[in-house]
Amino acid sequence: WGCFSIMENNPQGNPYNTGVIIDNLGAVALYYRKLHPWTPVEPWEPGDLGIPVCVGPKGCQLALIICHDGMFPECARECAYKGAEIMIRTAGYTAPIRHSWGFTNQSNSFCNLMVTANVCMCGSDGTFDSMGDGQIVNFDGVVLAAGTTGRADEIITAEVRPDLVREARTHWGVENNIYQLGHRGYVAVRGGAADCPYTYMRDLAEGRYRLPWEDKVVHTD
């Protein structure tokens, strides 16, 4: 199995930042277009295919997001909501993002009871010097393995257990947050409250997402 990044031609606009997962027989198992380009630096067209999940090695449920996607908790939540037990995050971040990279990898895992395998390229493209890092984070947010040198010849590995992900999602009470999001206060309310109490979710779904400081944002184009 392998995960690869490509620049995909888009006849209707800018290219897509696309990721593919190839299975052990050479077939495309997953095809994803990055939803959230790293604006204003990246000129990629925002993805239009959603976030797919595929059956991965040994029957695990596998998803892929790309770089800046991981800074949006909604992306990891979407992966888990669609059944992903392991989420891959490929990236090309530079050193100033190192701290944010680490804690978002951990929060993406813990908040969704999902293993995340996160890899950032290293080296320079002439403009940016990517920091080079890898993190494998267990479903409870604990880092199982992490890079130490930031160099291309460092490889990290860890054993991950999708069966334990399934067990946690089924049996955890407290901190089973992905379940509790849709069943708020189920101890007091039979089945839990299932309404949407979040203004931003309703506004985004209705096409009227707008921040209180929207008119003051400088970089918008």
# chains A, B, ... in the order shown; residues from 1 in each chain; ligands from 1

call {"tool": "residues_around", "arguments": {"residues": "range 132-142 of chain A", "least_positions_apart": "2", "cutoff": "8 Å", "atoms": "only C-alpha atoms", "output": "VMD selection string"}}
result
chain A and resid 92 to 93 102 105 to 110 112 to 123 130 144 to 152 156 to 158 160 165

call {"tool": "select_by_dssp", "arguments": {"residues": "range 12-213 of chain A", "states": "helix (DSSP H, G or I)", "output": "number ranges by chain"}}
result
A: 57-59, 67-71, 73-81, 95-110, 162-171, 177-180, 199-205

call {"tool": "write_last_selection", "arguments": {"atoms": "N, CA and C atoms", "output": "short mmCIF file (atom, residue, chain, number, x, y, z; two decimals), in the first residue's frame"}}
result
data_model
loop_
_atom_site.label_atom_id
_atom_site.label_comp_id
_atom_site.auth_asym_id
_atom_site.auth_seq_id
_atom_site.Cartn_x
_atom_site.Cartn_y
_atom_site.Cartn_z
N PRO A 57 -5.57 -1.82 4.56
CA PRO A 57 -4.92 -3.09 4.90
C PRO A 57 -5.61 -3.81 6.05
N LYS A 58 -5.79 -5.10 5.88
CA LYS A 58 -6.39 -5.97 6.90
C LYS A 58 -7.78 -5.52 7.31
N GLY A 59 -8.48 -4.86 6.39
CA GLY A 59 -9.87 -4.51 6.62
C GLY A 59 -10.12 -3.24 7.39
N CYS A 67 -2.47 18.14 4.66
CA CYS A 67 -1.82 19.31 5.25
C CYS A 67 -2.79 20.21 6.01
N HIS A 68 -3.14 21.37 5.43
CA HIS A 68 -3.93 22.38 6.12
C HIS A 68 -5.33 21.88 6.50
N ASP A 69 -5.82 20.86 5.81
CA ASP A 69 -7.09 20.25 6.19
C ASP A 69 -7.12 19.91 7.68
N GLY A 70 -5.97 19.46 8.18
CA GLY A 70 -5.90 19.00 9.56
C GLY A 70 -6.04 20.10 10.59
N MET A 71 -5.98 21.37 10.16
CA MET A 71 -6.20 22.49 11.08
C MET A 71 -7.68 22.78 11.28
N PRO A 73 -10.97 21.11 12.54
CA PRO A 73 -11.45 19.89 13.23
C PRO A 73 -12.58 19.20 12.49
N GLU A 74 -13.29 19.96 11.66
CA GLU A 74 -14.39 19.37 10.90
C GLU A 74 -13.90 18.30 9.92
N CYS A 75 -12.68 18.43 9.40
CA CYS A 75 -12.17 17.44 8.44
C CYS A 75 -11.94 16.10 9.11
N ALA A 76 -11.27 16.10 10.25
CA ALA A 76 -11.04 14.85 10.96
C ALA A 76 -12.37 14.25 11.44
N ARG A 77 -13.28 15.11 11.90
CA ARG A 77 -14.58 14.62 12.34
C ARG A 77 -15.34 13.97 11.18
N GLU A 78 -15.24 14.56 10.00
CA GLU A 78 -15.90 13.97 8.82
C GLU A 78 -15.33 12.59 8.51
N CYS A 79 -14.01 12.45 8.61
CA CYS A 79 -13.39 11.14 8.39
C CYS A 79 -13.97 10.10 9.34
N ALA A 80 -13.99 10.45 10.62
CA ALA A 80 -14.48 9.51 11.63
C ALA A 80 -15.97 9.27 11.48
N TYR A 81 -16.73 10.31 11.19
CA TYR A 81 -18.18 10.18 11.03
C TYR A 81 -18.54 9.21 9.91
N ALA A 95 8.69 25.14 9.61
CA ALA A 95 8.97 25.08 11.05
C ALA A 95 8.05 25.92 11.93
N PRO A 96 7.61 27.12 11.52
CA PRO A 96 6.74 27.89 12.42
C PRO A 96 5.43 27.19 12.79
N ILE A 97 5.06 26.18 12.04
CA ILE A 97 3.80 25.47 12.28
C ILE A 97 4.02 24.23 13.16
N ARG A 98 5.26 23.97 13.57
CA ARG A 98 5.58 22.70 14.23
C ARG A 98 4.70 22.43 15.45
N HIS A 99 4.52 23.41 16.31
CA HIS A 99 3.73 23.19 17.53
C HIS A 99 2.27 22.92 17.18
N SER A 100 1.72 23.73 16.29
CA SER A 100 0.32 23.55 15.87
C SER A 100 0.12 22.20 15.19
N TRP A 101 1.10 21.79 14.42
CA TRP A 101 1.07 20.48 13.76
C TRP A 101 0.92 19.37 14.79
N GLY A 102 1.69 19.45 15.85
CA GLY A 102 1.67 18.39 16.85
C GLY A 102 0.35 18.29 17.60
N PHE A 103 -0.13 19.42 18.11
CA PHE A 103 -1.33 19.31 18.94
C PHE A 103 -2.59 19.09 18.11
N THR A 104 -2.61 19.51 16.84
CA THR A 104 -3.78 19.19 16.02
C THR A 104 -3.79 17.71 15.65
N ASN A 105 -2.63 17.12 15.45
CA ASN A 105 -2.59 15.67 15.22
C ASN A 105 -3.18 14.92 16.41
N GLN A 106 -2.81 15.36 17.61
CA GLN A 106 -3.31 14.69 18.80
C GLN A 106 -4.80 14.94 19.04
N SER A 107 -5.23 16.16 18.83
CA SER A 107 -6.65 16.45 19.04
C SER A 107 -7.52 15.78 17.99
N ASN A 108 -7.03 15.70 16.75
CA ASN A 108 -7.79 15.00 15.71
C ASN A 108 -8.00 13.53 16.09
N SER A 109 -7.01 12.94 16.74
CA SER A 109 -7.14 11.56 17.18
C SER A 109 -8.11 11.44 18.36
N PHE A 110 -7.82 12.19 19.42
CA PHE A 110 -8.59 12.04 20.66
C PHE A 110 -10.06 12.40 20.49
N PRO A 162 -6.74 -1.11 14.88
CA PRO A 162 -8.10 -0.68 14.58
C PRO A 162 -9.15 -1.38 15.43
N ASP A 163 -8.86 -2.60 15.88
CA ASP A 163 -9.82 -3.30 16.74
C ASP A 163 -10.02 -2.57 18.06
N LEU A 164 -8.95 -1.90 18.55
CA LEU A 164 -9.09 -1.13 19.79
C LEU A 164 -9.85 0.18 19.55
N VAL A 165 -9.73 0.72 18.34
CA VAL A 165 -10.56 1.87 17.97
C VAL A 165 -12.03 1.49 18.04
N ARG A 166 -12.35 0.35 17.44
CA ARG A 166 -13.75 -0.11 17.45
C ARG A 166 -14.24 -0.36 18.87
N GLU A 167 -13.37 -0.93 19.69
CA GLU A 167 -13.73 -1.21 21.07
C GLU A 167 -14.02 0.08 21.83
N ALA A 168 -13.16 1.09 21.65
CA ALA A 168 -13.35 2.36 22.35
C ALA A 168 -14.63 3.04 21.89
N ARG A 169 -14.87 3.05 20.59
CA ARG A 169 -16.07 3.70 20.08
C ARG A 169 -17.34 3.01 20.55
N THR A 170 -17.24 1.73 20.81
CA THR A 170 -18.41 0.96 21.25
C THR A 170 -18.62 1.04 22.75
N HIS A 171 -17.52 0.98 23.52
CA HIS A 171 -17.64 0.78 24.97
C HIS A 171 -17.31 1.99 25.83
N ASN A 177 -16.70 11.30 22.58
CA ASN A 177 -17.22 12.60 22.18
C ASN A 177 -17.87 12.61 20.81
N ILE A 178 -17.39 11.77 19.89
CA ILE A 178 -18.00 11.76 18.57
C ILE A 178 -19.42 11.22 18.63
N TYR A 179 -19.69 10.32 19.56
CA TYR A 179 -21.06 9.85 19.78
C TYR A 179 -21.88 10.91 20.51
N GLN A 180 -21.30 11.48 21.54
CA GLN A 180 -22.05 12.40 22.38
C GLN A 180 -22.41 13.71 21.67
N THR A 199 -24.41 27.70 15.97
CA THR A 199 -24.79 28.68 14.96
C THR A 199 -23.96 28.55 13.69
N TYR A 200 -22.66 28.34 13.85
CA TYR A 200 -21.79 28.31 12.66
C TYR A 200 -22.12 27.13 11.76
N MET A 201 -22.53 25.99 12.35
CA MET A 201 -22.90 24.84 11.54
C MET A 201 -24.16 25.13 10.71
N ARG A 202 -25.15 25.72 11.36
CA ARG A 202 -26.39 26.04 10.65
C ARG A 202 -26.15 27.07 9.56
N ASP A 203 -25.36 28.10 9.88
CA ASP A 203 -25.09 29.14 8.90
C ASP A 203 -24.30 28.61 7.71
N LEU A 204 -23.30 27.75 7.98
CA LEU A 204 -22.50 27.19 6.90
C LEU A 204 -23.37 26.34 5.98
N ALA A 205 -24.25 25.53 6.56
CA ALA A 205 -25.12 24.66 5.76
C ALA A 205 -26.10 25.47 4.92
#

call {"tool": "atom_distance", "arguments": {"atom1": "CA of Leu211 in chain A", "atom2": "CA of Tyr198 in chain A"}}
result
13.6 Å

call {"tool": "atom_distance", "arguments": {"atom1": "CA of Leu64 in chain A", "atom2": "CA of Met131 in chain A"}}
result
20.4 Å

call {"tool": "select_by_dssp", "arguments": {"residues": "range 47-207 of chain A", "states": "strand (DSSP E or B)", "output": "ChimeraX atom specification"}}
result
/A:53-55,61-66,86-91,94,115-124,129-137,143-146,184,193

call {"tool": "write_last_selection", "arguments": {"atoms": "N, CA and C atoms", "output": "short mmCIF file (atom, residue, chain, number, x, y, z; two decimals), in the first residue's frame"}}
result
data_model
loop_
_atom_site.label_atom_id
_atom_site.label_comp_id
_atom_site.auth_asym_id
_atom_site.auth_seq_id
_atom_site.Cartn_x
_atom_site.Cartn_y
_atom_site.Cartn_z
N VAL A 53 -13.73 7.48 2.32
CA VAL A 53 -13.15 6.47 3.21
C VAL A 53 -13.09 5.17 2.42
N CYS A 54 -11.98 4.45 2.56
CA CYS A 54 -11.83 3.18 1.84
C CYS A 54 -11.48 2.07 2.82
N VAL A 55 -11.59 0.85 2.34
CA VAL A 55 -11.15 -0.30 3.11
C VAL A 55 -9.64 -0.45 2.89
N GLN A 61 -10.67 0.74 8.18
CA GLN A 61 -11.31 1.83 7.46
C GLN A 61 -10.34 3.01 7.43
N LEU A 62 -10.02 3.49 6.23
CA LEU A 62 -8.91 4.40 6.03
C LEU A 62 -9.37 5.67 5.33
N ALA A 63 -8.88 6.82 5.81
CA ALA A 63 -9.18 8.11 5.18
C ALA A 63 -7.89 8.89 4.99
N LEU A 64 -7.97 9.92 4.15
CA LEU A 64 -6.81 10.76 3.84
C LEU A 64 -7.23 12.22 3.81
N ILE A 65 -6.48 13.07 4.51
CA ILE A 65 -6.60 14.51 4.35
C ILE A 65 -5.21 15.06 4.04
N ILE A 66 -5.15 16.32 3.61
CA ILE A 66 -3.89 16.89 3.16
C ILE A 66 -3.57 18.17 3.94
N ILE A 86 -8.48 4.92 10.84
CA ILE A 86 -7.14 5.48 10.67
C ILE A 86 -7.23 6.61 9.66
N MET A 87 -6.70 7.76 10.01
CA MET A 87 -6.66 8.90 9.10
C MET A 87 -5.21 9.25 8.80
N ILE A 88 -4.88 9.32 7.53
CA ILE A 88 -3.56 9.75 7.09
C ILE A 88 -3.61 11.26 6.82
N ARG A 89 -2.59 11.96 7.29
CA ARG A 89 -2.45 13.40 7.00
C ARG A 89 -1.08 13.65 6.39
N THR A 90 -1.05 13.96 5.11
CA THR A 90 0.21 14.32 4.46
C THR A 90 0.35 15.84 4.48
N ALA A 91 1.59 16.33 4.53
CA ALA A 91 1.77 17.77 4.69
C ALA A 91 3.12 18.23 4.15
N THR A 94 6.12 24.22 7.19
CA THR A 94 7.42 24.77 7.57
C THR A 94 7.50 24.89 9.09
N VAL A 115 -7.06 6.67 15.09
CA VAL A 115 -5.61 6.71 14.90
C VAL A 115 -5.30 7.69 13.76
N THR A 116 -4.27 8.51 13.95
CA THR A 116 -3.83 9.35 12.84
C THR A 116 -2.36 9.07 12.54
N ALA A 117 -2.05 8.97 11.26
CA ALA A 117 -0.68 8.80 10.78
C ALA A 117 -0.34 10.06 9.98
N ASN A 118 0.59 10.85 10.49
CA ASN A 118 0.83 12.18 9.97
C ASN A 118 2.28 12.31 9.50
N VAL A 119 2.46 12.78 8.28
CA VAL A 119 3.81 12.88 7.73
C VAL A 119 3.99 14.21 7.03
N CYS A 120 5.10 14.89 7.32
CA CYS A 120 5.41 16.17 6.70
C CYS A 120 6.73 16.04 5.94
N MET A 121 6.75 16.47 4.69
CA MET A 121 7.96 16.35 3.88
C MET A 121 9.04 17.28 4.43
N CYS A 122 10.27 17.01 4.01
CA CYS A 122 11.38 17.87 4.43
C CYS A 122 12.15 18.34 3.20
N GLY A 123 12.92 19.39 3.40
CA GLY A 123 13.71 19.92 2.30
C GLY A 123 13.11 21.20 1.74
N SER A 124 13.82 21.83 0.83
CA SER A 124 13.42 23.11 0.28
C SER A 124 13.00 22.99 -1.18
N ASP A 129 11.14 25.95 3.22
CA ASP A 129 11.91 24.84 3.77
C ASP A 129 10.99 24.03 4.68
N SER A 130 10.49 22.91 4.17
CA SER A 130 9.56 22.09 4.94
C SER A 130 10.27 21.45 6.11
N MET A 131 9.56 21.35 7.24
CA MET A 131 10.21 21.02 8.50
C MET A 131 10.58 19.55 8.62
N GLY A 132 9.90 18.66 7.90
CA GLY A 132 10.19 17.24 8.02
C GLY A 132 9.79 16.71 9.38
N ASP A 133 8.73 15.95 9.43
CA ASP A 133 8.30 15.38 10.70
C ASP A 133 7.29 14.28 10.44
N GLY A 134 7.20 13.35 11.37
CA GLY A 134 6.19 12.32 11.31
C GLY A 134 5.65 12.07 12.70
N GLN A 135 4.37 11.80 12.79
CA GLN A 135 3.74 11.45 14.06
C GLN A 135 2.69 10.38 13.80
N ILE A 136 2.73 9.35 14.60
CA ILE A 136 1.65 8.37 14.62
C ILE A 136 1.00 8.49 15.99
N VAL A 137 -0.29 8.83 15.99
CA VAL A 137 -1.00 9.14 17.23
C VAL A 137 -2.11 8.12 17.44
N VAL A 143 0.90 10.00 21.54
CA VAL A 143 1.82 9.85 20.41
C VAL A 143 2.55 8.51 20.55
N LEU A 144 2.38 7.65 19.55
CA LEU A 144 3.04 6.35 19.55
C LEU A 144 4.45 6.42 18.98
N ALA A 145 4.65 7.28 18.02
CA ALA A 145 5.97 7.43 17.40
C ALA A 145 6.05 8.83 16.81
N ALA A 146 7.25 9.41 16.85
CA ALA A 146 7.44 10.75 16.30
C ALA A 146 8.86 10.89 15.78
N ARG A 184 -26.48 14.69 23.04
CA ARG A 184 -26.08 15.49 24.19
C ARG A 184 -26.93 15.16 25.42
N ALA A 193 -30.12 14.85 23.44
CA ALA A 193 -30.61 15.92 22.57
C ALA A 193 -29.93 15.82 21.22
#

call {"tool": "atom_distance", "arguments": {"atom1": "CA of Gly56 in chain A", "atom2": "CA of Lys82 in chain A"}}
result
14.1 Å

call {"tool": "residues_around", "arguments": {"residues": "Asp195 in chain A", "least_positions_apart": "5", "cutoff": "10 Å", "atoms": "only C-alpha atoms", "output": "PDB file with N, CA, C and O atoms, in the first residue's frame"}}
result
ATOM      1  N   LEU A 181     -21.672  14.048  20.601  1.00  0.00           N
ATOM      2  CA  LEU A 181     -22.006  15.252  19.846  1.00  0.00           C
ATOM      3  C   LEU A 181     -23.457  15.213  19.360  1.00  0.00           C
ATOM      4  O   LEU A 181     -24.152  16.224  19.361  1.00  0.00           O
ATOM      5  N   GLY A 182     -23.909  14.044  18.948  1.00  0.00           N
ATOM      6  CA  GLY A 182     -25.276  13.900  18.437  1.00  0.00           C
ATOM      7  C   GLY A 182     -26.257  13.360  19.452  1.00  0.00           C
ATOM      8  O   GLY A 182     -27.418  13.105  19.118  1.00  0.00           O
ATOM      9  N   HIS A 183     -25.790  13.172  20.690  1.00  0.00           N
ATOM     10  CA  HIS A 183     -26.653  12.642  21.750  1.00  0.00           C
ATOM     11  C   HIS A 183     -26.340  13.370  23.061  1.00  0.00           C
ATOM     12  O   HIS A 183     -26.001  12.757  24.066  1.00  0.00           O
ATOM     13  N   ARG A 184     -26.482  14.689  23.039  1.00  0.00           N
ATOM     14  CA  ARG A 184     -26.080  15.493  24.191  1.00  0.00           C
ATOM     15  C   ARG A 184     -26.930  15.165  25.419  1.00  0.00           C
ATOM     16  O   ARG A 184     -28.151  15.121  25.357  1.00  0.00           O
TER      17      ARG A 184
END

call {"tool": "decode", "arguments": {"residues": "range 154-165 of chain A", "atoms": "all heavy atoms", "output": "mmCIF file, in the first residue's frame"}}
result
data_model
loop_
_atom_site.group_PDB
_atom_site.id
_atom_site.type_symbol
_atom_site.label_atom_id
_atom_site.label_comp_id
_atom_site.auth_asym_id
_atom_site.auth_seq_id
_atom_site.Cartn_x
_atom_site.Cartn_y
_atom_site.Cartn_z
ATOM 1 N N GLU A 154 14.948 9.598 7.905
ATOM 2 C CA GLU A 154 14.391 9.058 9.150
ATOM 3 C C GLU A 154 13.035 8.416 8.882
ATOM 4 O O GLU A 154 12.163 9.013 8.241
ATOM 5 C CB GLU A 154 14.232 10.159 10.194
ATOM 6 C CG GLU A 154 13.732 9.611 11.532
ATOM 7 C CD GLU A 154 13.613 10.671 12.604
ATOM 8 O OE1 GLU A 154 13.639 11.871 12.256
ATOM 9 O OE2 GLU A 154 13.500 10.310 13.779
ATOM 10 N N ILE A 155 12.864 7.196 9.350
ATOM 11 C CA ILE A 155 11.610 6.460 9.186
ATOM 12 C C ILE A 155 11.062 6.133 10.571
ATOM 13 O O ILE A 155 11.800 5.674 11.444
ATOM 14 C CB ILE A 155 11.834 5.158 8.390
ATOM 15 C CG1 ILE A 155 12.314 5.486 6.970
ATOM 16 C CG2 ILE A 155 10.553 4.321 8.343
ATOM 17 C CD1 ILE A 155 12.704 4.261 6.165
ATOM 18 N N ILE A 156 9.768 6.409 10.773
ATOM 19 C CA ILE A 156 9.139 6.025 12.032
ATOM 20 C C ILE A 156 8.085 4.955 11.763
ATOM 21 O O ILE A 156 7.458 4.941 10.704
ATOM 22 C CB ILE A 156 8.510 7.233 12.771
ATOM 23 C CG1 ILE A 156 7.358 7.829 11.964
ATOM 24 C CG2 ILE A 156 9.557 8.279 13.082
ATOM 25 C CD1 ILE A 156 6.531 8.831 12.745
ATOM 26 N N THR A 157 7.913 4.065 12.702
ATOM 27 C CA THR A 157 6.917 3.007 12.577
ATOM 28 C C THR A 157 6.231 2.808 13.925
ATOM 29 O O THR A 157 6.787 3.160 14.976
ATOM 30 C CB THR A 157 7.544 1.664 12.147
ATOM 31 O OG1 THR A 157 8.479 1.240 13.161
ATOM 32 C CG2 THR A 157 8.257 1.784 10.817
ATOM 33 N N ALA A 158 5.046 2.253 13.881
ATOM 34 C CA ALA A 158 4.324 1.913 15.105
ATOM 35 C C ALA A 158 3.251 0.893 14.759
ATOM 36 O O ALA A 158 2.731 0.876 13.632
ATOM 37 C CB ALA A 158 3.692 3.140 15.745
ATOM 38 N N GLU A 159 2.928 0.051 15.705
ATOM 39 C CA GLU A 159 1.803 -0.870 15.542
ATOM 40 C C GLU A 159 0.521 -0.139 15.927
ATOM 41 O O GLU A 159 0.445 0.472 16.995
ATOM 42 C CB GLU A 159 1.967 -2.103 16.436
ATOM 43 C CG GLU A 159 0.800 -3.079 16.305
ATOM 44 C CD GLU A 159 0.907 -4.252 17.276
ATOM 45 O OE1 GLU A 159 1.475 -4.074 18.369
ATOM 46 O OE2 GLU A 159 0.414 -5.331 16.937
ATOM 47 N N VAL A 160 -0.464 -0.182 15.063
ATOM 48 C CA VAL A 160 -1.759 0.418 15.376
ATOM 49 C C VAL A 160 -2.825 -0.671 15.352
ATOM 50 O O VAL A 160 -2.729 -1.646 14.605
ATOM 51 C CB VAL A 160 -2.115 1.565 14.403
ATOM 52 C CG1 VAL A 160 -1.097 2.689 14.524
ATOM 53 C CG2 VAL A 160 -2.188 1.084 12.970
ATOM 54 N N ARG A 161 -3.852 -0.485 16.181
ATOM 55 C CA ARG A 161 -4.868 -1.520 16.411
ATOM 56 C C ARG A 161 -6.265 -0.973 16.108
ATOM 57 O O ARG A 161 -6.929 -0.425 16.992
ATOM 58 C CB ARG A 161 -4.784 -1.999 17.856
ATOM 59 C CG ARG A 161 -3.482 -2.688 18.259
ATOM 60 C CD ARG A 161 -3.518 -4.159 17.892
ATOM 61 N NE ARG A 161 -4.662 -4.824 18.497
ATOM 62 C CZ ARG A 161 -4.681 -5.311 19.752
ATOM 63 N NH1 ARG A 161 -3.602 -5.216 20.523
ATOM 64 N NH2 ARG A 161 -5.765 -5.896 20.228
ATOM 65 N N PRO A 162 -6.735 -1.108 14.876
ATOM 66 C CA PRO A 162 -8.103 -0.676 14.576
ATOM 67 C C PRO A 162 -9.154 -1.380 15.434
ATOM 68 O O PRO A 162 -10.217 -0.808 15.704
ATOM 69 C CB PRO A 162 -8.269 -1.040 13.092
ATOM 70 C CG PRO A 162 -6.880 -1.064 12.550
ATOM 71 C CD PRO A 162 -6.029 -1.572 13.665
ATOM 72 N N ASP A 163 -8.855 -2.599 15.883
ATOM 73 C CA ASP A 163 -9.818 -3.302 16.743
ATOM 74 C C ASP A 163 -10.015 -2.567 18.065
ATOM 75 O O ASP A 163 -11.118 -2.556 18.630
ATOM 76 C CB ASP A 163 -9.373 -4.741 16.987
ATOM 77 C CG ASP A 163 -8.008 -4.837 17.659
ATOM 78 O OD1 ASP A 163 -7.073 -4.149 17.214
ATOM 79 O OD2 ASP A 163 -7.875 -5.612 18.628
ATOM 80 N N LEU A 164 -8.955 -1.901 18.553
ATOM 81 C CA LEU A 164 -9.090 -1.132 19.786
ATOM 82 C C LEU A 164 -9.846 0.180 19.547
ATOM 83 O O LEU A 164 -10.514 0.690 20.452
ATOM 84 C CB LEU A 164 -7.717 -0.851 20.389
ATOM 85 C CG LEU A 164 -6.931 -2.091 20.843
ATOM 86 C CD1 LEU A 164 -5.605 -1.682 21.473
ATOM 87 C CD2 LEU A 164 -7.755 -2.940 21.808
ATOM 88 N N VAL A 165 -9.734 0.719 18.339
ATOM 89 C CA VAL A 165 -10.558 1.871 17.971
ATOM 90 C C VAL A 165 -12.032 1.486 18.040
ATOM 91 O O VAL A 165 -12.858 2.185 18.637
ATOM 92 C CB VAL A 165 -10.203 2.371 16.554
ATOM 93 C CG1 VAL A 165 -11.195 3.432 16.084
ATOM 94 C CG2 VAL A 165 -8.785 2.925 16.510
#
